[in-house]
>>> print(open('start.txt').read())   # compact mmCIF, C-alpha atoms and all ligand atoms
# COMPACT_ATOMS: atom_id res chain seq x y z
CA MET X 1 6.00 -35.70 29.64
CA ARG X 2 8.20 -32.79 30.44
CA ARG X 3 10.40 -33.35 27.42
CA PHE X 4 7.27 -33.32 25.33
CA PHE X 5 5.95 -29.98 26.61
CA VAL X 6 9.05 -27.86 26.29
CA PRO X 7 9.07 -27.54 22.51
CA ILE X 8 5.34 -26.74 22.44
CA PHE X 9 5.85 -24.01 24.99
CA SER X 10 8.68 -22.39 23.02
CA ALA X 11 6.62 -22.57 19.82
CA ALA X 12 3.86 -20.63 21.58
CA LEU X 13 6.38 -18.01 22.69
CA LEU X 14 7.67 -17.67 19.16
CA ALA X 15 4.14 -17.17 17.87
CA MET X 16 3.57 -14.44 20.43
CA ALA X 17 6.79 -12.71 19.45
CA ALA X 18 5.77 -12.79 15.79
CA SER X 19 2.37 -11.24 16.43
CA ALA X 20 3.95 -8.43 18.43
CA ALA X 21 6.44 -7.65 15.62
CA THR X 22 7.74 -4.15 16.04
CA ALA X 23 6.02 -1.36 14.20
CA GLY X 24 7.27 -0.60 10.72
CA PRO X 25 7.27 -1.76 7.13
CA GLU X 26 8.62 -5.23 8.08
CA ARG X 27 5.10 -6.15 9.16
CA ILE X 28 3.97 -6.04 5.53
CA GLN X 29 4.45 -8.92 3.09
CA LEU X 30 4.29 -8.28 -0.64
CA PRO X 31 1.69 -10.64 -2.17
CA VAL X 32 3.14 -12.38 -5.20
CA PHE X 33 -0.05 -12.65 -7.24
CA TYR X 34 -1.62 -9.24 -6.64
CA GLY X 35 -2.07 -8.78 -10.40
CA THR X 36 -4.55 -11.68 -10.55
CA ASP X 37 -5.77 -12.16 -6.95
CA PHE X 38 -6.50 -8.49 -6.27
CA VAL X 39 -9.04 -6.13 -7.83
CA PHE X 40 -7.72 -3.40 -10.11
CA VAL X 41 -8.76 0.05 -8.85
CA ASP X 42 -7.14 2.73 -10.98
CA ALA X 43 -4.10 3.85 -12.96
CA VAL X 44 -2.58 7.24 -12.22
CA ASP X 45 -0.01 8.97 -14.47
CA LYS X 46 2.80 10.79 -12.65
CA PRO X 47 4.26 13.42 -15.01
CA ASP X 48 6.31 15.06 -12.23
CA ARG X 49 9.03 12.39 -12.18
CA ASP X 50 12.42 12.25 -13.95
CA ARG X 51 10.98 9.41 -16.02
CA PRO X 52 7.24 9.02 -16.66
CA VAL X 53 5.66 6.69 -14.12
CA ILE X 54 2.21 5.10 -14.01
CA ARG X 55 0.81 3.92 -10.69
CA PHE X 56 -1.37 0.79 -10.95
CA ILE X 57 -3.50 0.36 -7.85
CA TYR X 58 -4.99 -2.96 -6.67
CA ILE X 59 -6.91 -3.94 -3.54
CA ASN X 60 -7.84 -7.31 -2.01
CA ARG X 61 -11.33 -8.55 -2.93
CA GLU X 62 -13.03 -8.29 0.45
CA ALA X 63 -11.91 -4.68 0.83
CA ALA X 64 -12.93 -3.85 -2.75
CA GLU X 65 -16.47 -4.88 -1.89
CA LYS X 66 -16.53 -2.55 1.14
CA ALA X 67 -15.04 0.33 -0.84
CA ARG X 68 -17.69 -0.14 -3.53
CA LYS X 69 -20.39 0.26 -0.87
CA GLY X 70 -18.62 3.25 0.69
CA GLU X 71 -17.92 1.44 3.94
CA PRO X 72 -14.70 1.59 6.01
CA LEU X 73 -12.15 -0.98 4.94
CA PRO X 74 -11.92 -4.18 7.03
CA THR X 75 -8.92 -5.25 9.07
CA GLY X 76 -6.59 -7.17 6.76
CA THR X 77 -7.08 -4.72 3.88
CA LYS X 78 -4.06 -4.59 1.61
CA ILE X 79 -3.52 -2.10 -1.18
CA ILE X 80 -0.80 -2.45 -3.80
CA MET X 81 0.42 0.46 -5.87
CA ALA X 82 2.84 -0.80 -8.50
CA GLU X 83 4.77 1.99 -10.18
CA GLN X 84 5.73 1.14 -13.75
CA PHE X 85 7.86 3.26 -16.02
CA GLY X 86 6.14 4.78 -19.02
CA GLY X 87 7.66 4.77 -22.50
CA THR X 88 9.33 7.88 -23.93
CA ASP X 89 9.62 9.19 -27.50
CA GLY X 90 12.95 9.87 -29.23
CA ASN X 91 13.25 13.20 -27.37
CA GLY X 92 12.71 11.76 -23.91
CA ARG X 93 9.14 13.04 -23.73
CA PRO X 94 6.45 10.72 -22.33
CA GLN X 95 4.80 8.53 -24.92
CA ARG X 96 1.01 8.98 -24.84
CA ASP X 97 -1.93 6.98 -26.15
CA LYS X 98 -4.87 8.50 -28.03
CA HIS X 99 -6.48 9.58 -24.76
CA GLY X 100 -3.32 11.40 -23.71
CA ARG X 101 -2.46 8.78 -21.09
CA PHE X 102 1.05 7.44 -20.51
CA VAL X 103 1.93 4.13 -22.13
CA ALA X 104 3.30 1.69 -19.54
CA THR X 105 6.32 -0.46 -20.17
CA LYS X 106 6.63 -3.75 -18.28
CA GLN X 107 9.45 -2.31 -16.19
CA ILE X 108 8.52 -1.89 -12.55
CA HIS X 109 10.05 1.05 -10.71
CA ARG X 110 8.90 0.10 -7.19
CA ILE X 111 5.84 -1.19 -5.39
CA LEU X 112 4.14 0.72 -2.60
CA VAL X 113 1.90 -1.17 -0.21
CA SER X 114 -0.45 -0.11 2.56
CA GLU X 115 -2.05 -2.55 4.98
CA LYS X 116 -4.54 -2.20 7.80
CA GLN X 117 -4.51 -4.59 10.76
CA ALA X 118 -6.29 -4.21 14.11
CA GLY X 119 -3.96 -2.64 16.66
CA TRP X 120 -1.12 -1.77 14.27
CA GLY X 121 -1.51 1.95 14.85
CA GLU X 122 -1.23 1.61 18.62
CA THR X 123 2.56 1.48 18.47
CA TYR X 124 2.60 5.08 17.20
CA SER X 125 1.64 8.23 19.07
CA GLU X 126 -1.72 9.81 18.28
CA GLY X 127 -0.06 12.47 16.11
CA GLU X 128 2.07 9.96 14.18
CA ARG X 129 -0.39 7.22 13.32
CA ALA X 130 -2.58 6.82 10.29
CA GLY X 131 -5.32 4.78 11.91
CA ASP X 132 -4.19 1.15 11.94
CA TRP X 133 -2.27 1.41 8.65
CA GLU X 134 1.34 0.52 7.96
CA PHE X 135 3.21 1.40 4.77
CA ALA X 136 5.99 -0.34 2.88
CA VAL X 137 7.94 0.11 -0.34
CA PHE X 138 9.45 -2.79 -2.27
CA SER X 139 12.01 -2.61 -5.05
CA ALA X 140 11.26 -4.17 -8.45
CA ASP X 141 12.81 -7.47 -7.28
CA GLY X 142 10.43 -7.60 -4.31
CA LYS X 143 12.85 -6.55 -1.55
CA LEU X 144 11.68 -4.25 1.22
CA MET X 145 13.37 -0.85 0.96
CA PRO X 146 14.55 0.16 4.45
CA ASP X 147 15.83 3.66 3.64
CA VAL X 148 12.45 5.25 3.12
CA ASP X 149 10.87 7.92 5.30
CA TYR X 150 7.91 5.83 6.40
CA ALA X 151 6.71 8.48 8.87
CA ALA X 152 6.11 10.68 5.81
CA CYS X 153 3.76 8.05 4.35
CA ARG X 154 1.65 8.10 7.50
CA ARG X 155 1.77 11.90 7.73
CA CYS X 156 0.45 12.47 4.23
CA HIS X 157 -2.14 9.68 4.36
CA ARG X 158 -3.50 11.16 7.61
CA GLN X 159 -4.98 13.90 5.45
CA ALA X 160 -7.31 11.29 3.98
CA VAL X 161 -8.71 10.36 7.41
CA THR X 162 -12.32 10.65 6.19
CA TYR X 163 -11.63 8.04 3.47
CA ASP X 164 -9.97 5.58 5.85
CA PHE X 165 -6.55 7.08 5.11
CA THR X 166 -6.67 6.18 1.42
CA PHE X 167 -6.72 8.46 -1.62
CA SER X 168 -7.90 6.31 -4.47
CA VAL X 169 -9.94 3.28 -3.47
CA PHE X 170 -13.40 4.77 -2.88
CA PRO X 171 -15.14 5.22 -6.23
CA ASN X 172 -17.44 7.80 -4.70
CA LEU X 173 -15.42 9.61 -2.07
CA SER X 174 -18.42 11.30 -0.48
CA ALA X 175 -20.10 7.95 0.16
CA LEU X 176 -17.93 6.66 3.03
CA LYS X 177 -20.31 5.76 5.88
CA ARG X 178 -18.97 5.98 9.40
C1 LIG X 201 2.58 13.88 -0.01
C2 LIG X 201 1.53 12.90 0.16
C3 LIG X 201 1.84 11.42 0.11
C4 LIG X 201 2.90 10.75 0.67
C5 LIG X 201 4.11 11.31 1.39
C6 LIG X 201 2.64 9.34 0.42
N1 LIG X 201 1.48 9.16 -0.26
FE1 LIG X 201 0.65 7.38 -0.79
N2 LIG X 201 -0.72 8.38 -1.90
C7 LIG X 201 -0.86 9.75 -2.00
C8 LIG X 201 -1.84 10.07 -3.02
C9 LIG X 201 -2.31 11.46 -3.41
C10 LIG X 201 -2.29 8.84 -3.55
C11 LIG X 201 -3.28 8.60 -4.71
C12 LIG X 201 -2.50 8.22 -5.98
C13 LIG X 201 -1.86 9.42 -6.66
O1 LIG X 201 -2.52 10.45 -6.87
O2 LIG X 201 -0.65 9.33 -6.98
C14 LIG X 201 -1.60 7.80 -2.77
C15 LIG X 201 -1.85 6.45 -2.92
C16 LIG X 201 -1.20 5.47 -2.22
C17 LIG X 201 -1.55 4.07 -2.27
C18 LIG X 201 -2.77 3.50 -2.99
C19 LIG X 201 -3.95 3.47 -2.00
C20 LIG X 201 -4.45 4.84 -1.60
O3 LIG X 201 -4.27 5.22 -0.43
O4 LIG X 201 -5.01 5.55 -2.44
C21 LIG X 201 -0.62 3.39 -1.53
C22 LIG X 201 -0.54 1.90 -1.30
C23 LIG X 201 0.31 4.38 -1.02
N3 LIG X 201 -0.10 5.63 -1.43
C24 LIG X 201 1.41 4.09 -0.24
C25 LIG X 201 2.31 5.05 0.20
C26 LIG X 201 3.58 4.75 0.84
C27 LIG X 201 4.12 3.37 1.11
C28 LIG X 201 4.16 5.95 1.15
C29 LIG X 201 5.50 6.23 1.78
C30 LIG X 201 6.66 5.70 1.13
C31 LIG X 201 3.25 6.99 0.68
N4 LIG X 201 2.15 6.41 0.12
C32 LIG X 201 3.50 8.34 0.83
C33 LIG X 201 -0.20 10.67 -1.24
C34 LIG X 201 0.95 10.41 -0.50
>>> encode(input="start.txt", output="structure tokens", more="lines below")
Ligand code: HEC
Amino acid sequence: MRRFFVPIFSAALLAMAASAATAGPERIQLPVFYGTDFVFVDAVDKPDRDRPVIRFIYINREAAEKARKGEPLPTGTKIIMAEQFGGTDGNGRPQRDKHGRFVATKQIHRILVSEKQAGWGETYSEGERAGDWEFAVFSADGKLMPDVDYAACRRCHRQAVTYDFTFSVFPNLSALKR
């Protein structure tokens, strides 16, 4: 009997260790199929970069439903913001479509992700947390980028406290019910 119980016990310990993973971007996994499994929210042109960038924002379906109704986002919400390079003309100026919007190439610059899980914010001090959100940045090949100032992500997103720390997912920003 004893021999039988030992491995089960250590598996339970491992599971506990995993759930208590230290705070930081490592807690976030990049979903492979966000382009099809998630709901498209918005595209934002960034003209202030060295190269034109367009940010394509996606959110998981359950959270999209809440956002549509102006309700706080549920635990497990994941938001993907894929930055793609925009095309340039012969003079290095951003290529634009007939509405003046940037024209995206297929080339991904990097992918920013935010995720909300119950209790995640508790590992940070009151002044350092953005609710229960964590933030991560992945390179175009899907690798987590460690040399990013992740405290800065939380700091800036704290300003959006009344919209559940997000800037772009509520179609009617004034509608968030608390
Ligand atoms: C100086 C403020 C600022 C900082 C710093 C910042 N963000 Fe944001 N973030 C924004 C704004 C504003 C938007 C809305 C899109 C836009 O206008 O570019 C946004 C949008 C997002 C979104 C889409 C969901 C949403 O909240 O609207 C994600 C995901 C995201 N940011 C992740 C990150 C990550 C990861 C970092 C840190 C590497 C970070 N952000 C740092 C201001 C900031």
>>> residues_near_ligand(input="start.txt", ligand="ligand LIG 201 (chain X)", cutoff="8 Å", atoms="all atoms listed in the file", output="JSON list (two decimals) with C-alpha atoms, keeping the file's coordinate frame")
[["chain", "number", "residue", "atom", "x", "y", "z"],
["X", 44, "VAL", "CA", -2.58, 7.24, -12.22],
["X", 45, "ASP", "CA", -0.01, 8.97, -14.47],
["X", 46, "LYS", "CA", 2.80, 10.79, -12.65],
["X", 55, "ARG", "CA", 0.81, 3.92, -10.69],
["X", 57, "ILE", "CA", -3.50, 0.36, -7.85],
["X", 58, "TYR", "CA", -4.99, -2.96, -6.67],
["X", 78, "LYS", "CA", -4.06, -4.59, 1.61],
["X", 79, "ILE", "CA", -3.52, -2.10, -1.18],
["X", 80, "ILE", "CA", -0.80, -2.45, -3.80],
["X", 81, "MET", "CA", 0.42, 0.46, -5.87],
["X", 112, "LEU", "CA", 4.14, 0.72, -2.60],
["X", 113, "VAL", "CA", 1.90, -1.17, -0.21],
["X", 114, "SER", "CA", -0.45, -0.11, 2.56],
["X", 115, "GLU", "CA", -2.05, -2.55, 4.98],
["X", 134, "GLU", "CA", 1.34, 0.52, 7.96],
["X", 135, "PHE", "CA", 3.21, 1.40, 4.77],
["X", 136, "ALA", "CA", 5.99, -0.34, 2.88],
["X", 137, "VAL", "CA", 7.94, 0.11, -0.34],
["X", 148, "VAL", "CA", 12.45, 5.25, 3.12],
["X", 149, "ASP", "CA", 10.87, 7.92, 5.30],
["X", 150, "TYR", "CA", 7.91, 5.83, 6.40],
["X", 151, "ALA", "CA", 6.71, 8.48, 8.87],
["X", 152, "ALA", "CA", 6.11, 10.68, 5.81],
["X", 153, "CYS", "CA", 3.76, 8.05, 4.35],
["X", 154, "ARG", "CA", 1.65, 8.10, 7.50],
["X", 155, "ARG", "CA", 1.77, 11.90, 7.73],
["X", 156, "CYS", "CA", 0.45, 12.47, 4.23],
["X", 157, "HIS", "CA", -2.14, 9.68, 4.36],
["X", 165, "PHE", "CA", -6.55, 7.08, 5.11],
["X", 166, "THR", "CA", -6.67, 6.18, 1.42],
["X", 167, "PHE", "CA", -6.72, 8.46, -1.62],
["X", 168, "SER", "CA", -7.90, 6.31, -4.47],
["X", 169, "VAL", "CA", -9.94, 3.28, -3.47]]
>>> atom_distance(input="start.txt", atom1="CA of Phe138 in chain X", atom2="CA of Pro52 in chain X")
18.7 Å
>>> atom_distance(input="start.txt", atom1="CA of Ser139 in chain X", atom2="CA of Gly86 in chain X")
16.9 Å
>>> atom_distance(input="start.txt", atom1="CA of Pro94 in chain X", atom2="CA of Asp48 in chain X")
11.0 Å
>>> residues_around(input="start.txt", residues="Gln107 in chain X", least_positions_apart="3", cutoff="9 Å", atoms="all atoms listed in the file", output="VMD selection string")
chain X and resid 83 to 86 104 140
>>> write_last_selection(input="start.txt", atoms="C-alpha atoms", output="PDB file, keeping the file's coordinate frame")
ATOM      1  CA  GLU X  83       4.770   1.990 -10.180  1.00  0.00           C
ATOM      2  CA  GLN X  84       5.730   1.140 -13.750  1.00  0.00           C
ATOM      3  CA  PHE X  85       7.860   3.260 -16.020  1.00  0.00           C
ATOM      4  CA  GLY X  86       6.140   4.780 -19.020  1.00  0.00           C
ATOM      5  CA  ALA X 104       3.300   1.690 -19.540  1.00  0.00           C
ATOM      6  CA  ALA X 140      11.260  -4.170  -8.450  1.00  0.00           C
TER       7      ALA X 140
END
>>> closest_residue(input="start.txt", among="X:Gly142, X:Pro74, X:Pro47, X:Pro171", to="Thr88 in chain X", atoms="only C-alpha atoms")
X:Pro47
>>> axis_aligned_box(input="start.txt", around="range 88-97 of chain X", padding_each_side="5 Å", output="lines of an AutoDock Vina configuration file")
center_x = 5.7
center_y = 10.1
center_z = -25.8
size_x = 25.2
size_y = 16.2
size_z = 16.9
>>> closest_residue(input="start.txt", among="X:Gly76, X:Asn60, X:Phe102, X:Asp89", to="Arg27 in chain X", atoms="only C-alpha atoms")
X:Gly76
